[in-house]
$ cat protein.cif   # mmCIF, C-alpha atoms and all ligand atoms
data_structure
loop_
_atom_site.group_PDB
_atom_site.id
_atom_site.type_symbol
_atom_site.label_atom_id
_atom_site.label_comp_id
_atom_site.auth_asym_id
_atom_site.auth_seq_id
_atom_site.Cartn_x
_atom_site.Cartn_y
_atom_site.Cartn_z
ATOM 1 C CA MET F 1 0.000 0.000 0.000
ATOM 2 C CA SER F 2 1.246 3.502 -0.759
ATOM 3 C CA GLU F 3 2.379 5.907 1.921
ATOM 4 C CA PRO F 4 -0.471 7.521 3.844
ATOM 5 C CA ILE F 5 -1.131 11.251 3.903
ATOM 6 C CA ILE F 6 -1.098 12.842 7.350
ATOM 7 C CA VAL F 7 -4.365 14.783 7.571
ATOM 8 C CA GLY F 8 -3.751 16.213 11.040
ATOM 9 C CA LYS F 9 -4.056 15.440 14.706
ATOM 10 C CA VAL F 10 -7.298 13.974 16.017
ATOM 11 C CA GLU F 11 -7.854 16.988 18.303
ATOM 12 C CA ASP F 12 -7.527 19.391 15.368
ATOM 13 C CA ILE F 13 -10.602 17.938 13.626
ATOM 14 C CA PRO F 14 -13.570 18.208 16.024
ATOM 15 C CA GLU F 15 -16.432 15.738 15.851
ATOM 16 C CA GLY F 16 -18.921 16.883 13.213
ATOM 17 C CA GLU F 17 -16.253 18.599 11.134
ATOM 18 C CA ALA F 18 -14.365 17.670 7.986
ATOM 19 C CA GLU F 19 -10.898 18.376 6.659
ATOM 20 C CA VAL F 20 -10.241 18.493 2.918
ATOM 21 C CA VAL F 21 -7.177 16.917 1.320
ATOM 22 C CA ASP F 22 -6.446 18.507 -2.023
ATOM 23 C CA SER F 23 -6.582 16.208 -5.059
ATOM 24 C CA GLU F 24 -3.016 17.206 -5.972
ATOM 25 C CA ASP F 25 -1.746 16.061 -2.591
ATOM 26 C CA ALA F 26 -3.886 12.922 -2.681
ATOM 27 C CA GLY F 27 -3.013 12.020 -6.274
ATOM 28 C CA THR F 28 -6.710 11.567 -6.994
ATOM 29 C CA GLU F 29 -9.168 13.103 -9.429
ATOM 30 C CA ASP F 30 -11.304 14.673 -6.734
ATOM 31 C CA ASP F 31 -10.466 16.340 -3.436
ATOM 32 C CA ILE F 32 -11.028 14.040 -0.471
ATOM 33 C CA ALA F 33 -13.125 15.010 2.549
ATOM 34 C CA VAL F 34 -12.059 13.400 5.815
ATOM 35 C CA PHE F 35 -14.949 13.463 8.271
ATOM 36 C CA HIS F 36 -14.867 13.111 12.047
ATOM 37 C CA ALA F 37 -18.197 11.373 12.528
ATOM 38 C CA GLU F 38 -20.354 11.438 15.630
ATOM 39 C CA ASP F 39 -19.406 7.832 16.407
ATOM 40 C CA GLY F 40 -15.911 9.162 17.114
ATOM 41 C CA ASN F 41 -14.390 7.547 14.014
ATOM 42 C CA PHE F 42 -12.915 9.105 10.901
ATOM 43 C CA TYR F 43 -14.152 8.354 7.378
ATOM 44 C CA ALA F 44 -13.180 9.695 3.968
ATOM 45 C CA LEU F 45 -15.211 10.236 0.806
ATOM 46 C CA ASP F 46 -14.581 12.019 -2.468
ATOM 47 C CA ASP F 47 -15.476 15.616 -1.655
ATOM 48 C CA THR F 48 -17.730 16.272 -4.635
ATOM 49 C CA CYS F 49 -21.350 15.210 -4.244
ATOM 50 C CA THR F 50 -22.297 12.606 -6.858
ATOM 51 C CA HIS F 51 -25.492 14.527 -7.665
ATOM 52 C CA GLU F 52 -23.948 17.781 -8.875
ATOM 53 C CA THR F 53 -20.844 19.586 -7.715
ATOM 54 C CA ALA F 54 -21.300 20.592 -4.087
ATOM 55 C CA PRO F 55 -18.502 19.899 -1.612
ATOM 56 C CA LEU F 56 -19.646 17.314 0.923
ATOM 57 C CA SER F 57 -17.091 18.716 3.369
ATOM 58 C CA ASP F 58 -19.434 21.743 3.692
ATOM 59 C CA GLY F 59 -22.352 19.470 4.536
ATOM 60 C CA TRP F 60 -23.826 18.463 7.864
ATOM 61 C CA ILE F 61 -22.661 15.382 9.700
ATOM 62 C CA GLU F 62 -25.270 13.477 11.642
ATOM 63 C CA GLY F 63 -24.163 10.247 13.238
ATOM 64 C CA THR F 64 -22.296 8.446 10.468
ATOM 65 C CA GLU F 65 -24.054 10.264 7.615
ATOM 66 C CA VAL F 66 -23.329 13.487 5.785
ATOM 67 C CA GLU F 67 -25.994 15.664 4.202
ATOM 68 C CA CYS F 68 -25.066 17.550 1.040
ATOM 69 C CA PRO F 69 -25.295 21.323 1.604
ATOM 70 C CA VAL F 70 -27.004 21.982 -1.744
ATOM 71 C CA HIS F 71 -29.895 19.533 -2.335
ATOM 72 C CA SER F 72 -29.756 17.544 0.909
ATOM 73 C CA ALA F 73 -28.857 14.102 -0.413
ATOM 74 C CA LYS F 74 -27.425 11.985 2.374
ATOM 75 C CA PHE F 75 -24.444 9.647 2.143
ATOM 76 C CA CYS F 76 -23.278 6.916 4.494
ATOM 77 C CA LEU F 77 -19.781 7.838 5.657
ATOM 78 C CA LYS F 78 -18.899 4.160 6.141
ATOM 79 C CA SER F 79 -19.923 2.811 2.732
ATOM 80 C CA GLY F 80 -20.379 5.940 0.610
ATOM 81 C CA GLU F 81 -23.887 4.731 -0.235
ATOM 82 C CA ALA F 82 -26.351 7.407 -1.383
ATOM 83 C CA LEU F 83 -29.126 7.143 1.222
ATOM 84 C CA CYS F 84 -31.717 9.424 -0.346
ATOM 85 C CA LEU F 85 -32.555 11.381 -3.466
ATOM 86 C CA PRO F 86 -31.543 13.374 -5.385
ATOM 87 C CA ALA F 87 -28.234 11.446 -5.289
ATOM 88 C CA THR F 88 -28.367 7.918 -6.665
ATOM 89 C CA VAL F 89 -24.670 7.170 -7.098
ATOM 90 C CA ALA F 90 -22.471 6.209 -4.160
ATOM 91 C CA ALA F 91 -19.563 8.427 -3.164
ATOM 92 C CA ARG F 92 -16.147 6.843 -3.382
ATOM 93 C CA THR F 93 -14.644 5.905 -0.023
ATOM 94 C CA HIS F 94 -11.033 6.027 1.112
ATOM 95 C CA LYS F 95 -9.341 4.291 4.002
ATOM 96 C CA VAL F 96 -8.561 6.314 7.122
ATOM 97 C CA GLU F 97 -6.595 5.203 10.155
ATOM 98 C CA VAL F 98 -5.695 6.853 13.441
ATOM 99 C CA VAL F 99 -2.164 6.084 14.602
ATOM 100 C CA ASP F 100 -0.612 7.749 17.658
ATOM 101 C CA GLY F 101 -3.232 10.507 17.598
ATOM 102 C CA GLU F 102 -2.700 11.316 13.933
ATOM 103 C CA VAL F 103 -5.295 10.879 11.204
ATOM 104 C CA LEU F 104 -3.831 9.057 8.217
ATOM 105 C CA LEU F 105 -5.490 8.893 4.804
ATOM 106 C CA TYR F 106 -4.870 6.175 2.214
ATOM 107 C CA PRO F 107 -6.329 7.532 -1.052
ATOM 108 C CA ALA F 108 -7.925 4.792 -3.137
ATOM 109 C CA ALA F 109 -5.952 4.020 -6.262
ATOM 110 C CA GLY F 110 -7.252 4.831 -9.714
HETATM 111 S S1 LIG Q 1 -25.325 18.618 -5.267
HETATM 112 FE FE1 LIG Q 1 -25.479 17.287 -3.576
HETATM 113 S S2 LIG Q 1 -27.545 16.710 -3.553
HETATM 114 FE FE2 LIG Q 1 -27.365 17.983 -5.272
#
$ encode --input "protein.cif" --output "structure tokens"
Amino acid sequence: MSEPIIVGKVEDIPEGEAEVVDSEDAGTEDDIAVFHAEDGNFYALDDTCTHETAPLSDGWIEGTEVECPVHSAKFCLKSGEALCLPATVAARTHKVEVVDGEVLLYPAAG
């Protein structure tokens, strides 16, 4: 597996907030939003909503779901699944790990 990207320290990303990793840094097509969910865990999805072009990192986190700030589609942070209309396509997920208090992102290849 490729080297992880250090997103930041756990305490720097409060629960209910998201940090964006630029696509250039991630080596991916889209920016990646790393969410600190209300279950205390971190999850990462492509930042762009699959419905149109809103950044999911600006959305609202509730439990382990994020609501798009533009048309209110909801996505599961664990699976990326689109949970309600108008989005019908899942968001791409990326692996996140916490090691020694640091949040590490492993951008999905391709
Ligand atoms: S842009 Fe996200 S639901 Fe429309």
$ closest_residue --input "protein.cif" --among "F:Pro55, F:Gly63, F:Gly8, F:Gly16" --to "F:Ala33" --atoms "all atoms listed in the file"
F:Pro55
$ closest_residue --input "protein.cif" --among "F:His36, F:His94, F:Lys9, F:His51" --to "ligand LIG 1 (chain Q)" --atoms "only C-alpha atoms and all ligand atoms"
F:His51
$ atom_distance --input "protein.cif" --atom1 "atom CA of F:Thr88" --atom2 "atom CA of F:Phe75"
9.8 Å
$ resolve_selection --input "protein.cif" --expression "the PyMOL selection byres (((chain F and resi 85) around 9) and not hetatm)" --output "list of chain:residue names"
F:His51, F:His71, F:Ser72, F:Ala73, F:Lys74, F:Ala82, F:Leu83, F:Cys84, F:Pro86, F:Ala87, F:Thr88
$ write_last_selection --input "protein.cif" --atoms "C-alpha atoms" --output "PDB file, in the frame of the given file"
ATOM      1  CA  HIS F  51     -25.492  14.527  -7.665  1.00  0.00           C
ATOM      2  CA  HIS F  71     -29.895  19.533  -2.335  1.00  0.00           C
ATOM      3  CA  SER F  72     -29.756  17.544   0.909  1.00  0.00           C
ATOM      4  CA  ALA F  73     -28.857  14.102  -0.413  1.00  0.00           C
ATOM      5  CA  LYS F  74     -27.425  11.985   2.374  1.00  0.00           C
ATOM      6  CA  ALA F  82     -26.351   7.407  -1.383  1.00  0.00           C
ATOM      7  CA  LEU F  83     -29.126   7.143   1.222  1.00  0.00           C
ATOM      8  CA  CYS F  84     -31.717   9.424  -0.346  1.00  0.00           C
ATOM      9  CA  PRO F  86     -31.543  13.374  -5.385  1.00  0.00           C
ATOM     10  CA  ALA F  87     -28.234  11.446  -5.289  1.00  0.00           C
ATOM     11  CA  THR F  88     -28.367   7.918  -6.665  1.00  0.00           C
TER      12      THR F  88
END
$ atom_distance --input "protein.cif" --atom1 "atom CA of F:Glu24" --atom2 "atom CA of F:Val96"
17.9 Å
$ resolve_selection --input "protein.cif" --expression "the PyMOL selection byres (((chain F and resi 92) around 9) and not hetatm)" --output "PyMOL selection string"
chain F and resi 44-47+79-81+90-91+93-94+108
$ closest_residue --input "protein.cif" --among "F:Val99, F:Ala18, F:Val10, F:Leu104" --to "F:Val66" --atoms "all atoms listed in the file"
F:Ala18
$ residues_near_point --input "protein.cif" --point "(-15.4, 10.7, 11.8)" --cutoff "9 Å" --atoms "all atoms listed in the file" --output "NGL selection string"
:F and (13-18 or 34-44 or 61 or 63-64 or 77)
$ atom_distance --input "protein.cif" --atom1 "atom CA of F:Val103" --atom2 "atom CA of F:Asp31"
16.5 Å
$ closest_residue --input "protein.cif" --among "F:Ile32, F:Val98, F:Cys76, F:Val89" --to "F:Thr50" --atoms "only C-alpha atoms"
F:Val89
$ closest_residue --input "protein.cif" --among "F:Glu11, F:Asp58, F:Glu29, F:Asp100" --to "ligand LIG 1 (chain Q)" --atoms "all atoms listed in the file"
F:Asp58
$ closest_residue --input "protein.cif" --among "F:Pro4, F:Gly101, F:Pro69, F:Gly59" --to "F:Val21" --atoms "all atoms listed in the file"
F:Pro4
$ resolve_selection --input "protein.cif" --expression "the PyMOL selection byres (((chain F and resi 109) around 10) and not hetatm)" --output "ChimeraX atom specification"
/F:1-2,26-28,94,106-108,110
$ axis_aligned_box --input "protein.cif" --around "stretch 26-30 of chain F" --padding-each-side "6 Å" --output "lines of an AutoDock Vina configuration file"
center_x = -7.2
center_y = 13.1
center_z = -6.1
size_x = 20.3
size_y = 15.1
size_z = 18.7
$ decode --input "protein.cif" --residues "stretch 9-97 of chain F" --atoms "C-alpha atoms" --output "PDB file, in the first residue's frame"
ATOM      1  CA  LYS F   9      -4.056  15.440  14.706  1.00  0.00           C
ATOM      2  CA  VAL F  10      -7.298  13.974  16.017  1.00  0.00           C
ATOM      3  CA  GLU F  11      -7.854  16.988  18.303  1.00  0.00           C
ATOM      4  CA  ASP F  12      -7.527  19.391  15.368  1.00  0.00           C
ATOM      5  CA  ILE F  13     -10.602  17.938  13.626  1.00  0.00           C
ATOM      6  CA  PRO F  14     -13.570  18.208  16.024  1.00  0.00           C
ATOM      7  CA  GLU F  15     -16.432  15.738  15.851  1.00  0.00           C
ATOM      8  CA  GLY F  16     -18.921  16.883  13.213  1.00  0.00           C
ATOM      9  CA  GLU F  17     -16.253  18.599  11.134  1.00  0.00           C
ATOM     10  CA  ALA F  18     -14.365  17.670   7.986  1.00  0.00           C
ATOM     11  CA  GLU F  19     -10.898  18.376   6.659  1.00  0.00           C
ATOM     12  CA  VAL F  20     -10.241  18.493   2.918  1.00  0.00           C
ATOM     13  CA  VAL F  21      -7.177  16.917   1.320  1.00  0.00           C
ATOM     14  CA  ASP F  22      -6.446  18.507  -2.023  1.00  0.00           C
ATOM     15  CA  SER F  23      -6.582  16.208  -5.059  1.00  0.00           C
ATOM     16  CA  GLU F  24      -3.016  17.206  -5.972  1.00  0.00           C
ATOM     17  CA  ASP F  25      -1.746  16.061  -2.591  1.00  0.00           C
ATOM     18  CA  ALA F  26      -3.886  12.922  -2.681  1.00  0.00           C
ATOM     19  CA  GLY F  27      -3.013  12.020  -6.274  1.00  0.00           C
ATOM     20  CA  THR F  28      -6.710  11.567  -6.994  1.00  0.00           C
ATOM     21  CA  GLU F  29      -9.168  13.103  -9.429  1.00  0.00           C
ATOM     22  CA  ASP F  30     -11.304  14.673  -6.734  1.00  0.00           C
ATOM     23  CA  ASP F  31     -10.466  16.340  -3.436  1.00  0.00           C
ATOM     24  CA  ILE F  32     -11.028  14.040  -0.471  1.00  0.00           C
ATOM     25  CA  ALA F  33     -13.125  15.010   2.549  1.00  0.00           C
ATOM     26  CA  VAL F  34     -12.059  13.400   5.815  1.00  0.00           C
ATOM     27  CA  PHE F  35     -14.949  13.463   8.271  1.00  0.00           C
ATOM     28  CA  HIS F  36     -14.867  13.111  12.047  1.00  0.00           C
ATOM     29  CA  ALA F  37     -18.197  11.373  12.528  1.00  0.00           C
ATOM     30  CA  GLU F  38     -20.354  11.438  15.630  1.00  0.00           C
ATOM     31  CA  ASP F  39     -19.406   7.832  16.407  1.00  0.00           C
ATOM     32  CA  GLY F  40     -15.911   9.162  17.114  1.00  0.00           C
ATOM     33  CA  ASN F  41     -14.390   7.547  14.014  1.00  0.00           C
ATOM     34  CA  PHE F  42     -12.915   9.105  10.901  1.00  0.00           C
ATOM     35  CA  TYR F  43     -14.152   8.354   7.378  1.00  0.00           C
ATOM     36  CA  ALA F  44     -13.180   9.695   3.968  1.00  0.00           C
ATOM     37  CA  LEU F  45     -15.211  10.236   0.806  1.00  0.00           C
ATOM     38  CA  ASP F  46     -14.581  12.019  -2.468  1.00  0.00           C
ATOM     39  CA  ASP F  47     -15.476  15.616  -1.655  1.00  0.00           C
ATOM     40  CA  THR F  48     -17.730  16.272  -4.635  1.00  0.00           C
ATOM     41  CA  CYS F  49     -21.350  15.210  -4.244  1.00  0.00           C
ATOM     42  CA  THR F  50     -22.297  12.606  -6.858  1.00  0.00           C
ATOM     43  CA  HIS F  51     -25.492  14.527  -7.665  1.00  0.00           C
ATOM     44  CA  GLU F  52     -23.948  17.781  -8.875  1.00  0.00           C
ATOM     45  CA  THR F  53     -20.844  19.586  -7.715  1.00  0.00           C
ATOM     46  CA  ALA F  54     -21.300  20.592  -4.087  1.00  0.00           C
ATOM     47  CA  PRO F  55     -18.502  19.899  -1.612  1.00  0.00           C
ATOM     48  CA  LEU F  56     -19.646  17.314   0.923  1.00  0.00           C
ATOM     49  CA  SER F  57     -17.091  18.716   3.369  1.00  0.00           C
ATOM     50  CA  ASP F  58     -19.434  21.743   3.692  1.00  0.00           C
ATOM     51  CA  GLY F  59     -22.352  19.470   4.536  1.00  0.00           C
ATOM     52  CA  TRP F  60     -23.826  18.463   7.864  1.00  0.00           C
ATOM     53  CA  ILE F  61     -22.661  15.382   9.700  1.00  0.00           C
ATOM     54  CA  GLU F  62     -25.270  13.477  11.642  1.00  0.00           C
ATOM     55  CA  GLY F  63     -24.163  10.247  13.238  1.00  0.00           C
ATOM     56  CA  THR F  64     -22.296   8.446  10.468  1.00  0.00           C
ATOM     57  CA  GLU F  65     -24.054  10.264   7.615  1.00  0.00           C
ATOM     58  CA  VAL F  66     -23.329  13.487   5.785  1.00  0.00           C
ATOM     59  CA  GLU F  67     -25.994  15.664   4.202  1.00  0.00           C
ATOM     60  CA  CYS F  68     -25.066  17.550   1.040  1.00  0.00           C
ATOM     61  CA  PRO F  69     -25.295  21.323   1.604  1.00  0.00           C
ATOM     62  CA  VAL F  70     -27.004  21.982  -1.744  1.00  0.00           C
ATOM     63  CA  HIS F  71     -29.895  19.533  -2.335  1.00  0.00           C
ATOM     64  CA  SER F  72     -29.756  17.544   0.909  1.00  0.00           C
ATOM     65  CA  ALA F  73     -28.857  14.102  -0.413  1.00  0.00           C
ATOM     66  CA  LYS F  74     -27.425  11.985   2.374  1.00  0.00           C
ATOM     67  CA  PHE F  75     -24.444   9.647   2.143  1.00  0.00           C
ATOM     68  CA  CYS F  76     -23.278   6.916   4.494  1.00  0.00           C
ATOM     69  CA  LEU F  77     -19.781   7.838   5.657  1.00  0.00           C
ATOM     70  CA  LYS F  78     -18.899   4.160   6.141  1.00  0.00           C
ATOM     71  CA  SER F  79     -19.923   2.811   2.732  1.00  0.00           C
ATOM     72  CA  GLY F  80     -20.379   5.940   0.610  1.00  0.00           C
ATOM     73  CA  GLU F  81     -23.887   4.731  -0.235  1.00  0.00           C
ATOM     74  CA  ALA F  82     -26.351   7.407  -1.383  1.00  0.00           C
ATOM     75  CA  LEU F  83     -29.126   7.143   1.222  1.00  0.00           C
ATOM     76  CA  CYS F  84     -31.717   9.424  -0.346  1.00  0.00           C
ATOM     77  CA  LEU F  85     -32.555  11.381  -3.466  1.00  0.00           C
ATOM     78  CA  PRO F  86     -31.543  13.374  -5.385  1.00  0.00           C
ATOM     79  CA  ALA F  87     -28.234  11.446  -5.289  1.00  0.00           C
ATOM     80  CA  THR F  88     -28.367   7.918  -6.665  1.00  0.00           C
ATOM     81  CA  VAL F  89     -24.670   7.170  -7.098  1.00  0.00           C
ATOM     82  CA  ALA F  90     -22.471   6.209  -4.160  1.00  0.00           C
ATOM     83  CA  ALA F  91     -19.563   8.427  -3.164  1.00  0.00           C
ATOM     84  CA  ARG F  92     -16.147   6.843  -3.382  1.00  0.00           C
ATOM     85  CA  THR F  93     -14.644   5.905  -0.023  1.00  0.00           C
ATOM     86  CA  HIS F  94     -11.033   6.027   1.112  1.00  0.00           C
ATOM     87  CA  LYS F  95      -9.341   4.291   4.002  1.00  0.00           C
ATOM     88  CA  VAL F  96      -8.561   6.314   7.122  1.00  0.00           C
ATOM     89  CA  GLU F  97      -6.595   5.203  10.155  1.00  0.00           C
TER      90      GLU F  97
END
